[in-house]
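First up is the structure itself, then whatever we jot down about it.
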Amino acid sequence: KALATSLAQVSGDVSDGERGGGRSAMRFANTILKTLATRAMAQAEYFCSGVCEPPEYYHYGLASEFYTHFTSPIRRFADQMVHRLLVKAIDGESSAGVSTEELQEMAEHMNKRHEASRRAQKDAMRYFQTLYFGAREGTQEALAEAVVYQMRRNALLIHIPKYALKGVVYLWDRESKSLVPNTAADGITVDLQKQEVTICPSQTVSQTPITIKTFDSITVRIDVEKSRSHKPDLKFRMASFAPPQHALTSFVGKREVIQEAIHRDKQSNQLKISA
């Protein structure tokens with residue numbers, strides 16, 4: 001609860017001029033910090049109370065010491081199980097009709113199916129995203145503002161507010177060649193302790209070093225990487241050290257991405273049939 005209250009108080013009150021020479025994206029700090037905080041939380045799992053001690057009953061994400069499902073039975077099998085056990089208890093029956101071991105086995109099975117569902121949903125969404133951005137490759141729509149939220153030894157971890165995307169922008173390729181615009185490989189320095197990257201562009205462009213810090217904005221290009229052995233995936237590359245000139249005015253949600261991807265796919269199939 002204390003963490004939730006603290007995160008709710010985070011705002012973008014820091015002016016752009018105070019950080020990064022106008023590249024600061026503190027207005028997105030709340031969203032990014034919440035994402036990082038929830039990522040560190042343990043994944044909630046179903047279990048039978050008879051196999052765990054009461055101190056282990058807590059729900060970390062909800063900050064609740066005791067928690068169980070009790071919503072519409074048509075939603076999850078876990079809800080139905082809870083309803084049946086409560087009916088047995090209300091009727092005063094001494095036995096639930098199922099052993100603790102059997103309940104725990106059901107709980108573990110539900111955990112596995114829930115994880116499989118989560119991965120399938122993630123893969124499906126990425127498929128629709130590759131269709132969406134595949135139609136925009138090489139255009140201005142493939143460029144987007146990205147907020148740096150963490151540094152790695154060879155990359156920047158980014159959040160793209162417009163599309164609610166997270167990704168990785170590599171600074172060097174596998175052959176140690178620079179992936180930063182107009183910059184040689186030895187012109188990039190990463191300081192993990194300070195969480196900042198210093199870039200010295202080629203002298204033909206600029207002789208002034210550029211420093212990218214946490215919560216700074218850059219411009220990235222979103223491409224679709226295709227492979228003969230793997231499913232297509234999104235690839236992010238730095239297009240500019242600075243954010244786009246035009247401020248973000250709209251967001252594109254998952255529903256819009258899916259709807260347009262399906263529409264384009266239908267159009268493509270119709271053209272194939274006509275041909």
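Chain labels A, B, ... are given in the sequence in which chains occur in the structure tokens; within each chain residues are numbered consecutively from 1, and ligands are likewise numbered from 1 in the order shown.
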
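Around A:Ser99, within 12 Å and counting only C-alpha atoms, the residues found are A:Cys48, A:Ser49, A:Gly50, A:Val51, A:Leu85, A:Ser95, A:Ala96, A:Gly97, A:Glu101, A:Glu102, A:Leu103, A:Gln104, A:Glu105, A:Met106, once anything fewer than 2 positions away on its own chain is removed.
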
TODO: Just the residues within 9 Å of A:Met151, please, counting only C-alpha atoms, with nothing from its chain fewer than 2 positions along; format it as a list of chain:residue names.
DONE: A:Val148, A:Tyr149, A:Arg153, A:Asn154, A:Ala155, A:Leu156, A:Leu157, A:Val190, A:Asp191, A:Leu192, A:Gln195, A:Glu196, A:Val197, A:Lys213, A:Thr214

Open item on the list: With distances taken over only C-alpha atoms, which residue among A:Leu165, A:Met125, A:Ala42, A:Ala184 lies nearest A:Ile258?
Closed with: A:Met125

Open item on the list: Could you tell me how far atom CA of A:Gly187 sits from atom CA of A:Val220, in Å to one decimal place?
Closed with: 19.3 Å

Neighbouring residues of A:Glu137 were defined as those with any atom within 12 Å, considering only C-alpha atoms; residues of the same chain fewer than 6 positions away were excluded. Please report them as a CSV table (one decimal) with N, CA, C and O atoms, in the first residue's frame.
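Output below, filename part.csv:
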chain,number,residue,atom,x,y,z
A,130,THR,N,3.6,-6.5,-35.6
A,130,THR,CA,4.4,-6.6,-36.8
A,130,THR,C,3.7,-6.3,-38.0
A,130,THR,O,4.2,-5.7,-39.0
A,131,LEU,N,2.4,-6.7,-38.1
A,131,LEU,CA,1.6,-6.3,-39.3
A,131,LEU,C,1.4,-4.8,-39.3
A,131,LEU,O,1.4,-4.2,-40.4
A,143,LEU,N,8.6,6.4,-37.1
A,143,LEU,CA,9.4,7.1,-36.1
A,143,LEU,C,8.5,7.4,-34.9
A,143,LEU,O,7.4,7.8,-35.0
A,221,ARG,N,13.3,4.4,-34.6
A,221,ARG,CA,12.7,3.9,-35.8
A,221,ARG,C,12.2,2.4,-35.5
A,221,ARG,O,13.0,1.6,-35.0
A,222,ILE,N,11.0,2.2,-35.8
A,222,ILE,CA,10.4,0.8,-35.5
A,222,ILE,C,10.3,0.1,-36.8
A,222,ILE,O,9.6,0.4,-37.7
A,223,ASP,N,11.1,-1.0,-36.9
A,223,ASP,CA,11.2,-1.8,-38.1
A,223,ASP,C,10.6,-3.2,-37.7
A,223,ASP,O,10.5,-3.6,-36.6
A,224,VAL,N,10.4,-4.0,-38.8
A,224,VAL,CA,10.0,-5.4,-38.6
A,224,VAL,C,11.1,-6.3,-39.1
A,224,VAL,O,11.5,-6.2,-40.2
A,225,GLU,N,11.6,-7.1,-38.2
A,225,GLU,CA,12.7,-8.0,-38.5
A,225,GLU,C,12.2,-9.3,-38.9
A,225,GLU,O,11.5,-10.0,-38.1
A,234,LEU,N,9.6,-7.1,-33.8
A,234,LEU,CA,9.9,-5.7,-33.9
A,234,LEU,C,11.4,-5.4,-33.5
A,234,LEU,O,11.9,-6.0,-32.7
A,235,LYS,N,11.9,-4.4,-34.3
A,235,LYS,CA,13.3,-4.1,-34.0
A,235,LYS,C,13.4,-2.5,-33.9
A,235,LYS,O,12.8,-1.8,-34.7
A,236,PHE,N,14.1,-2.1,-32.8
A,236,PHE,CA,14.1,-0.6,-32.6
A,236,PHE,C,15.5,-0.1,-32.8
A,236,PHE,O,16.5,-0.7,-32.3

Which residues come within 10 Å of A:Ser176, counting only C-alpha atoms, excluding same-chain residues fewer than 3 positions away, as a short mmCIF file (atom, residue, chain, number, x, y, z; two decimals) with all heavy atoms, in the first residue's frame?
data_model
loop_
_atom_site.label_atom_id
_atom_site.label_comp_id
_atom_site.auth_asym_id
_atom_site.auth_seq_id
_atom_site.Cartn_x
_atom_site.Cartn_y
_atom_site.Cartn_z
N ASN A 154 25.47 -2.55 -23.45
CA ASN A 154 25.50 -2.31 -24.89
C ASN A 154 24.17 -1.82 -25.46
O ASN A 154 23.95 -1.88 -26.68
CB ASN A 154 25.89 -3.61 -25.61
CG ASN A 154 24.84 -4.69 -25.43
OD1 ASN A 154 24.10 -4.69 -24.45
ND2 ASN A 154 24.77 -5.62 -26.37
N LEU A 171 23.35 -0.29 -29.05
CA LEU A 171 24.32 0.73 -29.43
C LEU A 171 25.36 0.20 -30.40
O LEU A 171 25.93 0.97 -31.19
CB LEU A 171 25.00 1.28 -28.17
CG LEU A 171 24.05 1.87 -27.11
CD1 LEU A 171 24.82 2.23 -25.85
CD2 LEU A 171 23.33 3.09 -27.66
N TRP A 172 25.64 -1.09 -30.32
CA TRP A 172 26.58 -1.74 -31.23
C TRP A 172 25.95 -3.03 -31.74
O TRP A 172 25.09 -3.61 -31.07
CB TRP A 172 27.89 -2.11 -30.52
CG TRP A 172 28.68 -0.97 -29.97
CD1 TRP A 172 29.58 -0.17 -30.63
CD2 TRP A 172 28.66 -0.49 -28.61
NE1 TRP A 172 30.11 0.76 -29.77
CE2 TRP A 172 29.57 0.59 -28.53
CE3 TRP A 172 27.98 -0.88 -27.46
CZ2 TRP A 172 29.80 1.28 -27.35
CZ3 TRP A 172 28.21 -0.19 -26.28
CH2 TRP A 172 29.11 0.89 -26.23
N ASP A 173 26.38 -3.48 -32.93
CA ASP A 173 25.91 -4.77 -33.42
C ASP A 173 26.85 -5.87 -32.93
O ASP A 173 27.78 -5.61 -32.14
CB ASP A 173 25.79 -4.77 -34.95
CG ASP A 173 27.13 -4.53 -35.64
OD1 ASP A 173 28.19 -4.66 -34.99
OD2 ASP A 173 27.12 -4.20 -36.85
N LEU A 179 25.69 1.41 -33.97
CA LEU A 179 24.33 1.50 -34.47
C LEU A 179 23.73 2.87 -34.18
O LEU A 179 22.53 3.09 -34.39
CB LEU A 179 23.46 0.41 -33.82
CG LEU A 179 23.81 -1.04 -34.18
CD1 LEU A 179 22.97 -2.02 -33.36
CD2 LEU A 179 23.63 -1.30 -35.67
N ALA A 185 32.13 3.60 -33.48
CA ALA A 185 31.99 2.67 -32.36
C ALA A 185 32.71 3.16 -31.11
O ALA A 185 32.23 2.99 -29.98
CB ALA A 185 32.51 1.30 -32.76
N ASP A 186 33.88 3.79 -31.31
CA ASP A 186 34.65 4.25 -30.14
C ASP A 186 34.15 5.61 -29.63
O ASP A 186 34.71 6.17 -28.69
CB ASP A 186 36.14 4.33 -30.48
CG ASP A 186 36.43 5.24 -31.66
OD1 ASP A 186 35.48 5.82 -32.23
OD2 ASP A 186 37.61 5.38 -32.02
#

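Going from atom CA of A:Lys254 over to atom CA of A:Gln129, you cover 8.6 Å.
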
Open item on the list: Taking only stretch 22-213 of chain A into account, list the residues labelled alpha helix (DSSP H) by DSSP (computed from the backbone), as a PyMOL selection string.
Closed with: chain A and resi 29-39+77-90+100-134

Task: All strand (DSSP E) residues (DSSP, backbone) inside stretch 22-209 of chain A, as a PyMOL selection string - done: chain A and resi 143-151+155-160+165-170+188-191+196-199

What does the file look like for those residues with N, CA and C atoms, as a short mmCIF file (atom, residue, chain, number, x, y, z; two decimals), in the first residue's frame?
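Final output, selection.cif:
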data_model
loop_
_atom_site.label_atom_id
_atom_site.label_comp_id
_atom_site.auth_asym_id
_atom_site.auth_seq_id
_atom_site.Cartn_x
_atom_site.Cartn_y
_atom_site.Cartn_z
N LEU A 143 8.59 6.37 -37.10
CA LEU A 143 9.39 7.08 -36.10
C LEU A 143 8.53 7.41 -34.89
N ALA A 144 9.12 7.29 -33.71
CA ALA A 144 8.34 7.55 -32.49
C ALA A 144 9.26 8.02 -31.38
N GLU A 145 8.65 8.76 -30.45
CA GLU A 145 9.39 9.19 -29.26
C GLU A 145 9.56 8.00 -28.32
N ALA A 146 10.77 7.83 -27.81
CA ALA A 146 11.06 6.75 -26.87
C ALA A 146 11.72 7.32 -25.62
N VAL A 147 11.31 6.85 -24.46
CA VAL A 147 11.86 7.31 -23.20
C VAL A 147 12.82 6.25 -22.67
N VAL A 148 14.04 6.65 -22.38
CA VAL A 148 15.04 5.73 -21.84
C VAL A 148 14.79 5.55 -20.35
N TYR A 149 14.61 4.29 -19.92
CA TYR A 149 14.38 4.07 -18.49
C TYR A 149 15.47 3.24 -17.83
N GLN A 150 16.40 2.71 -18.62
CA GLN A 150 17.52 1.96 -18.04
C GLN A 150 18.62 1.78 -19.07
N MET A 151 19.87 1.69 -18.57
CA MET A 151 21.02 1.47 -19.46
C MET A 151 21.57 0.07 -19.24
N ALA A 155 23.27 -1.35 -24.58
CA ALA A 155 21.94 -0.99 -25.09
C ALA A 155 21.20 -0.05 -24.16
N LEU A 156 20.12 0.53 -24.70
CA LEU A 156 19.20 1.35 -23.92
C LEU A 156 17.86 0.62 -23.84
N LEU A 157 17.29 0.56 -22.66
CA LEU A 157 15.95 0.01 -22.51
C LEU A 157 14.97 1.17 -22.62
N ILE A 158 13.99 1.03 -23.49
CA ILE A 158 13.11 2.16 -23.82
C ILE A 158 11.64 1.83 -23.63
N HIS A 159 10.86 2.89 -23.45
CA HIS A 159 9.41 2.81 -23.40
C HIS A 159 8.88 3.79 -24.44
N ILE A 160 8.00 3.32 -25.33
CA ILE A 160 7.41 4.17 -26.36
C ILE A 160 5.98 4.49 -25.94
N LEU A 165 4.76 0.50 -25.87
CA LEU A 165 5.71 -0.56 -26.20
C LEU A 165 6.97 -0.42 -25.36
N LYS A 166 7.55 -1.54 -25.00
CA LYS A 166 8.88 -1.55 -24.38
C LYS A 166 9.82 -2.32 -25.30
N GLY A 167 11.07 -1.86 -25.37
CA GLY A 167 12.01 -2.53 -26.24
C GLY A 167 13.45 -2.20 -25.90
N VAL A 168 14.34 -2.66 -26.77
CA VAL A 168 15.78 -2.48 -26.57
C VAL A 168 16.36 -1.80 -27.80
N VAL A 169 17.13 -0.75 -27.57
CA VAL A 169 17.86 -0.08 -28.64
C VAL A 169 19.34 -0.38 -28.45
N TYR A 170 19.90 -1.19 -29.34
CA TYR A 170 21.31 -1.57 -29.21
C TYR A 170 22.21 -0.44 -29.72
N ILE A 188 31.18 6.01 -28.35
CA ILE A 188 30.06 5.72 -27.44
C ILE A 188 30.62 5.20 -26.11
N THR A 189 30.23 5.82 -25.03
CA THR A 189 30.67 5.40 -23.69
C THR A 189 29.45 5.21 -22.79
N VAL A 190 29.38 4.04 -22.14
CA VAL A 190 28.26 3.73 -21.25
C VAL A 190 28.77 3.71 -19.80
N ASP A 191 28.12 4.48 -18.95
CA ASP A 191 28.44 4.50 -17.52
C ASP A 191 27.25 3.91 -16.77
N GLU A 196 24.08 6.54 -17.59
CA GLU A 196 24.08 7.51 -18.68
C GLU A 196 25.00 7.05 -19.79
N VAL A 197 24.70 7.53 -20.99
CA VAL A 197 25.49 7.21 -22.17
C VAL A 197 26.01 8.51 -22.76
N THR A 198 27.31 8.55 -23.03
CA THR A 198 27.91 9.72 -23.67
C THR A 198 28.25 9.37 -25.11
N ILE A 199 27.77 10.20 -26.03
CA ILE A 199 27.97 9.96 -27.46
C ILE A 199 28.73 11.12 -28.06
#

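Between atom CA of A:Cys52 and atom CA of A:Arg84 the separation is 20.6 Å.
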